[in-house]
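J.: TSV, C-alpha atoms and all ligand atoms, file my_file_4.tsv:
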chain	number	residue	atom	x	y	z
A	208	MET	CA	-4.12	18.82	25.30
A	209	VAL	CA	-3.24	15.16	25.51
A	210	ALA	CA	-6.56	14.15	23.98
A	211	VAL	CA	-5.98	16.44	21.01
A	212	GLU	CA	-2.52	14.94	20.49
A	213	GLN	CA	-3.92	11.44	20.54
A	214	GLY	CA	-6.70	12.42	18.18
A	215	ASN	CA	-4.13	13.61	15.68
A	216	MET	CA	-1.93	10.57	16.15
A	217	ALA	CA	-4.80	8.26	15.28
A	218	ASP	CA	-5.01	9.86	11.81
A	219	LEU	CA	-1.31	10.01	11.19
A	220	LEU	CA	1.37	7.82	9.69
A	221	GLU	CA	4.70	9.13	10.84
A	222	VAL	CA	8.05	7.86	9.55
A	223	LYS	CA	11.07	9.31	11.35
A	224	GLU	CA	14.66	9.03	10.15
A	225	VAL	CA	14.20	5.48	8.94
A	226	SER	CA	17.08	3.60	7.34
A	227	LYS	CA	17.49	0.14	5.90
A	228	SER	CA	20.59	-1.42	4.35
A	229	PHE	CA	21.09	-4.73	2.61
A	230	ARG	CA	24.30	-6.70	2.44
A	231	VAL	CA	25.19	-7.53	-1.13
A	232	LYS	CA	28.28	-9.09	-2.76
A	233	SER	CA	29.87	-5.74	-3.44
A	234	GLY	CA	29.30	-4.50	0.12
A	235	GLU	CA	26.22	-2.78	1.44
A	236	VAL	CA	23.31	-0.98	-0.23
A	237	ARG	CA	21.61	1.74	1.74
A	238	ALA	CA	18.17	1.20	0.22
A	239	VAL	CA	16.43	3.68	2.53
A	240	ASP	CA	18.55	6.42	3.98
A	241	GLY	CA	17.22	8.58	6.80
A	242	VAL	CA	13.71	8.95	5.44
A	243	SER	CA	11.07	11.00	7.26
A	244	LEU	CA	7.52	11.58	6.13
A	245	ARG	CA	4.03	12.17	7.45
A	246	ALA	CA	0.85	11.05	5.79
A	247	ARG	CA	-2.72	11.47	6.97
A	248	LYS	CA	-5.98	9.62	6.62
A	249	GLY	CA	-8.06	11.09	3.82
A	250	GLU	CA	-5.01	12.05	1.78
A	251	VAL	CA	-3.02	10.63	-1.10
A	252	THR	CA	0.76	10.73	-0.83
A	253	VAL	CA	2.80	9.89	-3.92
A	254	ILE	CA	6.49	9.00	-3.89
A	255	LEU	CA	8.11	9.25	-7.30
A	256	GLY	CA	11.43	7.65	-8.01
A	257	PRO	CA	13.39	5.67	-10.57
A	258	SER	CA	14.00	1.95	-10.31
A	259	GLY	CA	16.36	1.09	-7.47
A	260	SER	CA	15.73	4.30	-5.54
A	261	GLY	CA	14.34	2.45	-2.51
A	262	LYS	CA	10.58	2.82	-3.02
A	263	THR	CA	9.61	-0.81	-2.47
A	264	THR	CA	11.88	-1.11	0.56
A	265	LEU	CA	10.29	1.98	2.10
A	266	LEU	CA	6.81	0.59	1.48
A	267	TYR	CA	7.80	-2.75	3.02
A	268	LEU	CA	9.15	-0.96	6.09
A	269	ILE	CA	5.88	0.93	6.49
A	270	GLY	CA	3.92	-2.28	5.95
A	271	SER	CA	6.17	-4.05	8.50
A	272	LEU	CA	7.31	-6.64	5.95
A	273	GLU	CA	10.84	-5.42	6.70
A	274	ARG	CA	12.30	-4.04	9.91
A	275	PRO	CA	14.25	-0.79	9.83
A	276	ASP	CA	17.88	-0.69	10.99
A	277	ALA	CA	17.20	2.70	12.54
A	278	GLY	CA	14.37	5.15	12.96
A	279	GLU	CA	10.75	5.06	14.06
A	280	ILE	CA	7.45	4.33	12.38
A	281	ASN	CA	4.26	5.30	14.12
A	282	ALA	CA	1.14	4.16	12.33
A	283	PHE	CA	-2.07	5.73	13.61
A	284	GLY	CA	-0.95	5.81	17.19
A	285	GLU	CA	0.88	2.48	17.12
A	286	ASP	CA	4.67	2.24	17.24
A	287	ILE	CA	5.32	-0.64	14.85
A	288	CYS	CA	9.06	-0.74	15.54
A	289	ARG	CA	8.63	-1.67	19.19
A	290	PRO	CA	9.90	-5.19	19.83
A	291	ASP	CA	6.51	-6.20	21.27
A	292	ALA	CA	4.41	-4.68	18.45
A	293	ASP	CA	1.78	-7.12	17.13
A	294	LEU	CA	2.92	-7.01	13.52
A	295	ILE	CA	0.71	-9.84	12.34
A	296	ALA	CA	-2.40	-7.99	13.48
A	297	TYR	CA	-1.01	-4.75	12.04
A	298	ARG	CA	-0.44	-6.32	8.61
A	299	ARG	CA	-3.79	-8.04	8.56
A	300	LYS	CA	-6.04	-5.32	9.89
A	301	ARG	CA	-4.35	-1.97	9.43
A	302	VAL	CA	-2.63	-2.29	6.06
A	303	GLY	CA	-3.79	-3.23	2.57
A	304	PHE	CA	-1.17	-3.85	-0.12
A	305	VAL	CA	-1.61	-3.27	-3.84
A	306	PHE	CA	1.19	-4.55	-6.09
A	307	GLN	CA	2.36	-3.97	-9.64
A	308	MET	CA	1.90	-7.66	-10.52
A	309	PHE	CA	-1.49	-7.80	-8.74
A	310	ASN	CA	-0.44	-10.93	-6.76
A	311	LEU	CA	-3.87	-12.50	-6.98
A	312	ILE	CA	-4.21	-16.26	-6.73
A	313	PRO	CA	-4.78	-17.06	-10.41
A	314	SER	CA	-6.89	-20.18	-9.94
A	315	LEU	CA	-9.30	-18.46	-7.53
A	316	THR	CA	-12.24	-16.33	-8.60
A	317	ALA	CA	-12.55	-12.61	-7.95
A	318	LEU	CA	-14.81	-13.34	-4.99
A	319	GLU	CA	-12.50	-15.97	-3.55
A	320	ASN	CA	-9.47	-13.71	-3.82
A	321	VAL	CA	-11.30	-11.13	-1.72
A	322	THR	CA	-12.79	-13.51	0.85
A	323	LEU	CA	-9.44	-15.25	1.44
A	324	PRO	CA	-7.95	-12.53	3.69
A	325	MET	CA	-11.29	-12.33	5.54
A	326	ASP	CA	-11.07	-16.05	6.15
A	327	LEU	CA	-7.52	-15.70	7.46
A	328	ASP	CA	-8.73	-12.96	9.74
A	329	GLY	CA	-11.59	-15.03	11.15
A	330	VAL	CA	-14.49	-13.11	9.61
A	331	PRO	CA	-17.58	-15.36	9.94
A	332	SER	CA	-18.13	-17.17	6.65
A	333	GLU	CA	-21.72	-15.96	6.32
A	334	GLU	CA	-20.46	-12.36	6.34
A	335	GLN	CA	-17.61	-12.83	3.91
A	336	ARG	CA	-19.48	-13.08	0.66
A	337	GLY	CA	-21.69	-10.04	1.16
A	338	ARG	CA	-18.73	-7.94	2.19
A	339	ALA	CA	-16.63	-9.13	-0.74
A	340	GLU	CA	-19.44	-8.49	-3.23
A	341	LYS	CA	-19.88	-4.98	-1.91
A	342	LEU	CA	-16.16	-4.21	-2.13
A	343	LEU	CA	-15.97	-5.65	-5.64
A	344	ALA	CA	-19.07	-3.71	-6.73
A	345	GLY	CA	-17.29	-0.57	-5.55
A	346	MET	CA	-14.51	-1.49	-7.99
A	347	GLY	CA	-16.92	-2.14	-10.86
A	348	ILE	CA	-16.50	-5.92	-10.61
A	349	GLU	CA	-19.99	-7.45	-10.73
A	350	GLY	CA	-22.11	-10.16	-12.30
A	351	ARG	CA	-20.24	-12.86	-14.17
A	352	LEU	CA	-16.88	-11.32	-13.32
A	353	LEU	CA	-17.37	-12.24	-9.66
A	354	ARG	CA	-16.94	-15.89	-10.57
A	355	ALA	CA	-14.27	-15.46	-13.20
A	356	ARG	CA	-10.87	-16.85	-12.30
A	357	ALA	CA	-8.27	-14.16	-11.79
A	358	SER	CA	-6.13	-15.75	-14.51
A	359	ARG	CA	-8.84	-14.94	-17.08
A	360	MET	CA	-9.13	-11.26	-16.26
A	361	SER	CA	-7.59	-8.21	-17.92
A	362	GLY	CA	-4.88	-6.30	-16.09
A	363	GLY	CA	-7.26	-3.53	-15.13
A	364	GLU	CA	-9.79	-6.01	-13.77
A	365	LYS	CA	-7.08	-7.83	-11.82
A	366	GLN	CA	-5.89	-4.62	-10.22
A	367	ARG	CA	-9.44	-3.66	-9.25
A	368	VAL	CA	-9.91	-7.08	-7.64
A	369	ALA	CA	-6.57	-6.59	-5.89
A	370	ILE	CA	-7.75	-3.26	-4.49
A	371	ALA	CA	-10.95	-4.89	-3.23
A	372	ARG	CA	-8.77	-7.55	-1.60
A	373	ALA	CA	-6.60	-4.85	0.00
A	374	LEU	CA	-9.78	-3.42	1.52
A	375	ALA	CA	-11.03	-6.78	2.80
A	376	ASN	CA	-10.26	-6.08	6.43
A	377	ASP	CA	-11.00	-2.35	6.29
A	378	PRO	CA	-7.43	-1.09	6.77
A	379	ASP	CA	-6.43	2.47	7.66
A	380	LEU	CA	-3.56	2.42	5.22
A	381	ILE	CA	-3.34	1.44	1.56
A	382	LEU	CA	0.21	0.88	0.32
A	383	ALA	CA	0.41	0.71	-3.47
A	384	ASP	CA	3.65	-0.29	-5.19
A	385	GLU	CA	3.68	0.74	-8.88
A	386	PRO	CA	-0.07	0.07	-9.13
A	387	THR	CA	-0.21	1.17	-12.78
A	388	GLY	CA	3.05	-0.52	-13.79
A	389	ASN	CA	1.35	-3.28	-15.76
A	390	LEU	CA	-1.66	-1.37	-17.04
A	391	ASP	CA	-2.45	0.56	-20.21
A	392	SER	CA	-2.93	4.25	-19.56
A	393	ALA	CA	-6.76	4.13	-19.54
A	394	SER	CA	-6.91	1.31	-16.96
A	395	GLY	CA	-4.14	3.02	-15.04
A	396	ARG	CA	-6.22	6.19	-14.79
A	397	VAL	CA	-9.20	4.21	-13.48
A	398	VAL	CA	-7.03	2.55	-10.84
A	399	VAL	CA	-5.52	5.86	-9.72
A	400	ASP	CA	-8.99	7.43	-9.51
A	401	ILE	CA	-10.16	4.49	-7.38
A	402	LEU	CA	-7.17	4.86	-5.05
A	403	ALA	CA	-7.77	8.60	-4.75
A	404	GLY	CA	-11.45	7.91	-4.03
A	405	LEU	CA	-10.48	5.64	-1.16
A	406	ALA	CA	-8.74	8.57	0.46
A	407	ARG	CA	-11.37	11.20	-0.34
A	408	ARG	CA	-14.51	9.18	0.28
A	409	GLU	CA	-13.46	6.47	2.72
A	410	GLY	CA	-10.82	8.38	4.64
A	411	LYS	CA	-8.04	5.91	3.93
A	412	CYS	CA	-4.42	6.94	4.14
A	413	VAL	CA	-3.20	6.15	0.61
A	414	LEU	CA	0.51	5.92	-0.14
A	415	ILE	CA	1.57	5.24	-3.73
A	416	VAL	CA	5.17	4.65	-4.84
A	417	THR	CA	5.80	4.81	-8.55
A	418	HIS	CA	7.97	6.00	-11.41
A	419	ASP	CA	4.79	7.06	-13.26
A	420	GLU	CA	4.66	10.86	-13.08
A	421	SER	CA	1.06	10.96	-14.30
A	422	ILE	CA	-0.01	9.71	-10.85
A	423	LEU	CA	1.05	13.07	-9.41
A	424	ARG	CA	-2.30	14.51	-10.52
A	425	ALA	CA	-3.95	12.50	-7.70
A	426	ALA	CA	-1.48	13.56	-5.03
A	427	ASP	CA	-2.17	15.78	-2.06
A	428	TRP	CA	1.50	15.44	-1.11
A	429	ALA	CA	4.39	14.28	-3.21
A	430	TYR	CA	8.01	13.35	-2.71
A	431	GLN	CA	10.90	12.45	-4.94
A	432	MET	CA	13.00	9.46	-3.91
A	433	ARG	CA	16.56	9.06	-5.11
A	434	ASP	CA	19.32	6.83	-3.75
A	435	GLY	CA	17.27	6.04	-0.67
A	436	LYS	CA	16.63	9.69	0.21
A	437	LEU	CA	13.34	11.54	0.13
A	438	ARG	CA	12.60	15.17	-0.57
A	439	GLY	CA	9.26	16.91	-0.85
A	440	ILE	CA	8.10	18.25	-4.22
A	441	GLU	CA	5.33	20.72	-5.07
A	442	VAL	CA	2.06	19.42	-6.47
B	501	LIG	N1	16.32	-7.99	-0.21
B	501	LIG	C1	17.31	-7.26	-0.78
B	501	LIG	N2	18.59	-7.68	-0.76
B	501	LIG	C2	19.57	-6.94	-1.31
B	501	LIG	N3	19.38	-5.74	-1.90
B	501	LIG	C3	18.13	-5.26	-1.95
B	501	LIG	C4	17.03	-5.99	-1.39
B	501	LIG	N4	15.90	-5.26	-1.61
B	501	LIG	C5	16.29	-4.14	-2.24
B	501	LIG	N5	17.62	-4.14	-2.46
B	501	LIG	C6	18.40	-3.07	-3.10
B	501	LIG	O1	18.00	-1.84	-2.51
B	501	LIG	C7	17.91	-0.81	-3.48
B	501	LIG	C8	16.48	-0.28	-3.49
B	501	LIG	O2	15.61	-1.29	-3.99
B	501	LIG	P1	14.04	-1.13	-4.07
B	501	LIG	O3	13.56	-0.71	-2.74
B	501	LIG	O4	13.50	-2.36	-4.65
B	501	LIG	O5	13.91	0.09	-5.08
B	501	LIG	P2	12.71	0.48	-6.08
B	501	LIG	O6	11.47	-0.14	-5.56
B	501	LIG	O7	12.70	1.98	-6.07
B	501	LIG	O8	13.09	-0.05	-7.42
B	501	LIG	C9	18.33	-1.44	-4.80
B	501	LIG	O9	19.71	-1.17	-4.96
B	501	LIG	C10	18.09	-2.91	-4.57
B	501	LIG	O10	18.96	-3.69	-5.36
B	502	MG	MG	10.09	-1.36	-6.49
Spell out the structure here as structure tokens.
Ligand SMILES: Nc1ncnc2c1ncn2[C@@H]1O[C@H](COP(=O)(O)OP(=O)(O)O)[C@@H](O)[C@H]1O
Ligand SMILES: [Mg+2]

T.:
Amino acid sequence: MVAVEQGNMADLLEVKEVSKSFRVKSGEVRAVDGVSLRARKGEVTVILGPSGSGKTTLLYLIGSLERPDAGEINAFGEDICRPDADLIAYRRKRVGFVFQMFNLIPSLTALENVTLPMDLDGVPSEEQRGRAEKLLAGMGIEGRLLRARASRMSGGEKQRVAIARALANDPDLILADEPTGNLDSASGRVVVDILAGLARREGKCVLIVTHDESILRAADWAYQMRDGKLRGIEV
């Protein structure tokens, strides 16, 4: 009985009644207001919401870049809200972030952008390059592109490098914040298909927040976010 429970927990991201407010000049903004959700490895969860609805804050809470004021977050058997949780290890090894603006280091090459987090995580240097090349090949980044500086790449190429970087330390969870926000619709479709593939083929837990309704086609589970609150929608 206990073993079964633990088995399930290891595949599950569980957010329970999480809230986060920010103090602003005019008072307080409740960016995330009593949000609960469950997401599993191997599945794509999409949260749709307009600008200002709290999507980025929720993603940052799940990625432990922000701490909740209230509530619990259990990521694959690990309570990340415990005061003694090892959040640095969690961020480095369990979570990969994908951002709207790509957030690559422009002067570094595709390869260097992907090996950097491996370096930070102490992956032996002789392993880094092979691993990075493999991840980039999986994103269709090969040949001359491997040594192209990020600043010279198209938006679609940058986002595919950014996804390879997010995978550098083989995380359980991919958190994508408006991943198609700066892409034309064709490159956006490629990026969404790649993210969905990471769930289907690699068993990642993929969570995408966006205002782009076309991403719903990739969703196993979907929610609407509005004024910090979440409600499930049919897909
Ligand atoms: N660091 C912050 N300080 C103050 N207010 C913030 C901060 N981050 C977010 N907010 C506010 O919280 C609300 C939700 O923001 P955000 O999570 O960025 O929404 P979204 O990603 O859906 O656009 C907004 O009203 C925003 O202005
Ligand atoms: Mg946002």

J.: Just give me the gap between atom CA of Gly363 of chain A and atom C4 of ligand LIG 501 (chain B) in Å, one decimal is fine.

T.: 28.0 Å

J.: Could the residues that lie within 7 Å of ligand MG 502 (chain B), counting all atoms listed in the file, be listed as a tab-separated table (two decimals) with C-alpha atoms, in the frame of the given file?

T.:
chain	number	residue	atom	x	y	z
A	258	SER	CA	14.00	1.95	-10.31
A	259	GLY	CA	16.36	1.09	-7.47
A	261	GLY	CA	14.34	2.45	-2.51
A	262	LYS	CA	10.58	2.82	-3.02
A	263	THR	CA	9.61	-0.81	-2.47
A	384	ASP	CA	3.65	-0.29	-5.19

J.: Given all atoms listed in the file as the basis, pick out the residue of A:Lys227, A:Arg408, A:Arg247, A:His418 nearest to Met432 of chain A.

T.: A:His418

J.: Name the residues, by chain letter and number, that sit within 8 Å of ligand LIG 501 (chain B) using all atoms listed in the file, and give them as a list in words.

T.: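 I would give the residues around ligand LIG 501 (chain B) as Ser228, Phe229, Arg230, Val231, Val236, Arg237, Ala238, Val239, Gly256, Pro257, Ser258, Gly259, Ser260, Gly261, Lys262, Thr263, Thr264, Leu265, Asp384, Val416, Thr417, Met432, Asp434 and Gly435 of chain A.
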
J.: Determine, counting all atoms listed in the file, every residue of protein, DNA or RNA that lies within 8 Å of (-8.5, 2.2, 7.4) in the file coordinates, then give the result as a ChimeraX atom specification.

T.: /A:248,301-302,377-381,410-412

J.: What does the distance between atom CA of Ser421 of chain A and atom CA of Glu409 of chain A come to in Å, to one decimal place?

T.: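 If I compute the distance from atom CA of Ser421 of chain A to atom CA of Glu409 of chain A, I get 22.8 Å.
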
J.: Mind checking which residues fall within 8 Å of Val398 of chain A, counting only C-alpha atoms, ignoring those fewer than 4 positions away in the same chain, and posting them as a PyMOL selection string?

T.: chain A and resi 363+366-367+386-387+394+402

J.: What separation in Å, quoted to one decimal, exists between atom CA of Ile348 of chain A and atom CA of Leu318 of chain A?

T.: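 These two atoms are separated by 9.5 Å.
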
J.: Give the answer as one residue: which of A:Glu333, A:Asp419, A:Glu250, A:Asp276 has the shortest atom-to-atom distance to Val225 of chain A, using only C-alpha atoms?

T.: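 Closest residue, counting only C-alpha atoms: A:Asp276.
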
J.: Check the smallest atom-to-atom distance from each of A:Thr322, A:Thr252, A:Ser361, A:Asn389 to Val413 of chain A using all atoms listed in the file, then report the winner.

T.: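 Of all the options, A:Thr252 lies closest to Val413 of chain A.
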
J.: With distances taken over all atoms listed in the file, which residue among A:Leu342, A:Ala277, A:Ile422, A:Val399 lies nearest Ser243 of chain A?

T.: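 Closest to Ser243 of chain A of all the choices is A:Ala277.
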
J.: Closest to Glu273 of chain A among A:Val368, A:Leu311, A:Cys288, A:Val321, using all atoms listed in the file?

T.: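 Between A:Val368, A:Leu311, A:Cys288, A:Val321, the residue approaching Glu273 of chain A most closely is A:Cys288.
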
J.: Which residues, written as a list in words, have at least one atom at most 10 Å from Ile401 of chain A, with all atoms listed in the file counted and residues fewer than 6 positions away on the same chain left out?

T.: Gly345, Met346, Arg367, Ile370, Gly395, Arg407 and Arg408 of chain A

J.: Can you work out which one of A:Ala246, A:Ala383, A:Ala355, A:Ala375 has the shortest atom-to-atom distance to Gly270 of chain A, counting all atoms listed in the file?

T.: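 Residue with the minimum atom-to-atom distance to Gly270 of chain A: A:Ala383.
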
J.: Give me, as a list in words, all polymer residues having an atom no more than 9 Å from Met325 of chain A, counting all atoms listed in the file and skipping those fewer than 6 positions away in the same chain.

T.: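 Counting only the stated atoms, we get Pro331, Ser332, Gln335, Ala339, Arg372, Ala375 and Asn376 of chain A.
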
J.: Using only C-alpha atoms, which protein or nucleic acid residues come within 10 Å of Leu352 of chain A? Drop anything in the same chain fewer than 3 positions from it, and give the result as a ChimeraX atom specification.

T.: /A:316-318,343,347-349,355-357,359-360,364,368
